[in-house]
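Shown next, in structure tokens, is the structure this report addresses.
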Protein chains: 2
Amino acid sequence: VNAQTDSVVAAVDWGTTSFRVWLLNAQGEAIAESRSDEGLLKAAETGFGKILEDHLRNLGADSELPVIVCGMAGSRQGWMEAPYTSCPAKLLDIPINAVAMPGTTRQIRILPGIAQRRADDPDVMRGEETQLLGLGEKLDKGSRLVCMPGTHCKWVVTEDGKVERFATWTTGELFNLMSTASILRHSIDGKSAKVSPGDPVFHDWAKRGLAEPEATFRHFFTIRAATLLGNLETIHAAAALSGLLIGSEIASALSWSGDERLPIILVASGNLSDLYSQVLAQAGMEANVEDADAAVRAGLFLAYMLDSGQKKREATA
Amino acid sequence: VNAQTDSVVAAVDWGTTSFRVWLLNAQGEAIAESRSDEGLLKAAETGFGKILEDHLRNLGADSELPVIVCGMAGSRQGWMEAPYTSCPAKLLDIPINAVAMPGTTRQIRILPGIAQRRADDPDVMRGEETQLLGLGEKLDKGSRLVCMPGTHCKWVVTEDGKVERFATWTTGELFNLMSTASILRHSIDGKSAKVSPGDPVFHDWAKRGLAEPEATFRHFFTIRAATLLGNLETIHAAAALSGLLIGSEIASALSWSGDERLPIILVASGNLSDLYSQVLAQAGMEANVEDADAAVRAGLFLAYMLDSGQKKREATA
């Protein structure tokens with residue numbers, strides 16, 4: 001494999017706190033990868049162009065290799081704003097609204113996010129739309145409920161390849177805030193330890209969250225009191241908090257979706273994928289699991305191909 | 001009024017982040033007051049005894065004036081542990097379990113908190129039990145649902161002068177964390193501004209919280225998206241967050257109480273009292289409002305009097 005000759009595009013997922021780039025070959029396969037914590041927050045200081053070029057140089061990419069970007073780099077506080085596409089949004093149309101970075105030697109295009117412009121229920125996503133695009137034909141026909149865990153977890157109802165509506169739960173952010181900055185920080189030992197999906201404590205608290213999603217911020221304190229009164233060891237408190245939050249989110253999201261017969265697709269990677277699968281199973285739902293990293297790469301590649309095709313059609317027209 | 005000759009006891013409410021002391025006369029009336037931010041967290045460094053004596057000296061208190069303390073100073077991480085009284089707990093019995101500080105010239109006693117030792121529903125309070133004691137005969141007969149807002153809001157079911165059961169919502173803490181440390185910090189202008197109970201934005205979001213308490217941490221992000229998409233001005237976002245949280249708490253607590261016919265007593269002071277009254281009214285509940293500061297002073301005074309009476313009885317026995 002030769003990064004310089006075999007790659008056709010550099011695919012970048014640029015989030016708030018993370019940067020990832022893959023060099024993709026003509027079949028959309030990753031032949032090289034680089035990742036760092038140079039997300040939006042750091043890039044706003046260091047400079048987006050510099051970070052991107054440093055990573056591409058290290059990977060041995062050609063200086064004219066085109067780049068396609070999704071995520072927070074396209075937000076108003078990012079590199080260059082790629083205005084939101086409005087919901088309902090046909091996934092295959094997303095690349096049409098990509099914006100081109102001016103004044104660069106290589107072609108750099110940033111994909112837009114999706115906005116749900118409803119006065120009573122506004123919402124936005126940036127990055128997840130590209131993962132959805134990457135699911136391809138799996139969303140082409142019929143309705144699906146897509147669960148996308150993370151700092152801000154998205155649940156999306158799709159229909160015939162369109163994003164119909166979506167909502168966001170701040171589950172990951174609450175886990176971080178509660179375990180490091182709230183009264184619970186005194187109750188949680190091993191904050192950075194990986195919560196095991198097989199842990200009975202995780203299971204018990206997920207059950208609680210599923211049964212009483214309206215009591216989540218009462219149960220935050222129940223965890224505190226349980227460690228004070230000897231009902232819960234501090235080494236298990238992170239599992240309790242994680243189970244409580246994921247259980248509450250899933251109960252709330254299933255209620256939000258309004259149709260419990262929708263087939264569920266879980267787009268996640270690694271441990272988070274196992275944790276959500278486990279709690280969905282507790283709720284009596286079976287999810288088809290799709291790897292989030294593979295999905296975003298596939299989405300970026302498809303967007304690049306559609307974009308190139310569009311330009312070729314424009315050139316011949 | 002002469003602080004040195006007219007006061008019979010110094011009443012101290014010592015919380016996690018605040019210290020308050022009142023000199024009380026023989027009728028339990030406050031004749032002098034001092035407060036600071038020298039709560040448990042600072043006192044653990046500076047020294048509890050030094051802080052207390054500094055305040056008492058500034059107030060001109062007699063060197064032998066007895067002191068009665070409630071709150072986090074009696075926790076394991078505090079000045080001296082006053083072990084929890086178990087629930088159900090008769091309020092008038094609380095002073096019996098006060099602990100005496102050894103090796104001080106003046107008499108210093110710390111009141112215990114209450115623990116609800118139920119494996120499935122553990123909870124603890126320190127300080128609120130003294131406010132409840134201060135409500136006196138208002139809790140003597142029949143059942144009440146007492147709402148006590150704060151960083152950690154307590155809801156308490158009392159029966160014939162006993163604390164039967166209680167639960168804690170981390171409402172105030174979540175408001176602080178979300179408005180200063182979460183993604184919402186970018187959406188909230190005027191974080192420290194007082195939220196007005198008459199603000200229609202506060203009212204609208206309280207309605208949302210009351211209607212969908214299971215969706216609280218979805219609506220955290222709704223506030224974020226609403227400011228991004230122009231549905232909510234950042235200057236109103238703190239009111240939205242406050243309304244959402246208080247509405248969610250009240251819906252969750254009324255459901256927890258299990259008996260919607262219980263008369264409600266709201267123990268709060270100032271703006272917080274107005275905010276909770278307003279949302280309780282939105283929920284169709286009318287609360288009797290008791291001032292939290294007056295309640296804790298009355299509770300501390302009553303505890304002191306009962307304690308002295310007990311000692312006199314012991315001396316004559």
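The chains in the structure tokens are called A, B, ... from first to last as shown; in each chain the residues are counted from 1, and the ligands are counted from 1 in the order shown.
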Using only C-alpha atoms, what table do you get, as CSV, when you list each residue of chain A with an atom no more than 8 Å from chain B, its nearest pair of atoms, and their distance in Å rounded to one decimal, rows by chain then rising number?
residue,atom,partner,partner_atom,distance
A:Arg117,CA,B:Leu229,CA,7.1
A:Ala119,CA,B:Asn231,CA,6.0
A:Asp121,CA,B:Thr222,CA,6.7
A:Pro122,CA,B:Ala226,CA,5.6
A:Asp123,CA,B:Ala225,CA,4.9
A:Val124,CA,B:Ala225,CA,6.1
A:Ala167,CA,B:Arg218,CA,7.0
A:Thr168,CA,B:Arg218,CA,5.5
A:Trp169,CA,B:Arg218,CA,4.3
A:Thr170,CA,B:Phe217,CA,5.7
A:Thr171,CA,B:Phe217,CA,7.3
A:Glu173,CA,B:Ser182,CA,7.2
A:Leu177,CA,B:Leu177,CA,7.2
A:Ala181,CA,B:Leu177,CA,7.7
A:Ser182,CA,B:Glu173,CA,7.2
A:Glu212,CA,B:Glu214,CA,7.8
A:Pro213,CA,B:Glu214,CA,4.8
A:Glu214,CA,B:Glu214,CA,3.8
A:Ala215,CA,B:Ser252,CA,6.0
A:Thr216,CA,B:Glu214,CA,7.9
A:Phe217,CA,B:Trp169,CA,5.6
A:Arg218,CA,B:Trp169,CA,4.2
A:His219,CA,B:Trp169,CA,7.7
A:Phe220,CA,B:Thr170,CA,7.1
A:Phe221,CA,B:Thr168,CA,6.2
A:Thr222,CA,B:Pro122,CA,6.1
A:Ala225,CA,B:Asp123,CA,4.9
A:Ala226,CA,B:Pro122,CA,5.6
A:Leu229,CA,B:Arg117,CA,7.1
A:Asn231,CA,B:Ala119,CA,6.0
A:Ser248,CA,B:Glu214,CA,7.6
A:Ser252,CA,B:Glu214,CA,5.8
Please return as number ranges by chain: the residues of region 5-191 of chain B that backbone DSSP assigns to strand (DSSP E or B). B: 7-14, 19-25, 30-36, 67-71, 85-86, 89-90, 99-100, 108-110, 114-116, 123-125, 143-148, 153-159, 162-169
List the neighbours of Leu306 (chain B) out to 10 Å using only C-alpha atoms; skip same-chain residues closer than 5 positions along the sequence, and give me the result as a tab-separated table (two decimals) with C-alpha atoms, in the first residue's frame.
chain	number	residue	atom	x	y	z
B	92	LEU	CA	-38.57	16.32	68.70
B	93	ASP	CA	-36.13	13.47	69.34
B	94	ILE	CA	-33.42	14.93	67.11
B	95	PRO	CA	-31.75	16.99	69.89
B	96	ILE	CA	-31.34	13.82	71.99
B	300	LEU	CA	-31.88	25.49	66.41
B	301	PHE	CA	-33.51	27.42	69.28
B	311	LYS	CA	-29.92	18.17	80.97
B	312	LYS	CA	-31.91	19.81	83.78
I want to know what sits within 7 Å of region 52-62 of chain A, based on only C-alpha atoms, with residues of the same chain fewer than 2 positions away left out; could you give that as number ranges by chain? A: 3-4, 32, 34, 48-50, 64-65
Among region 66-257 of chain B, which ones does DSSP place in helix (DSSP H, G or I), written as number ranges by chain? B: 72-74, 91-97, 128-134, 136-139, 171-181, 183-186, 200-211, 213-228, 234-257
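Nearest residue to Ala206 (chain A) among A:Ser86, A:Thr158, A:Ser7, A:Gln282 is A:Gln282, counting only C-alpha atoms.
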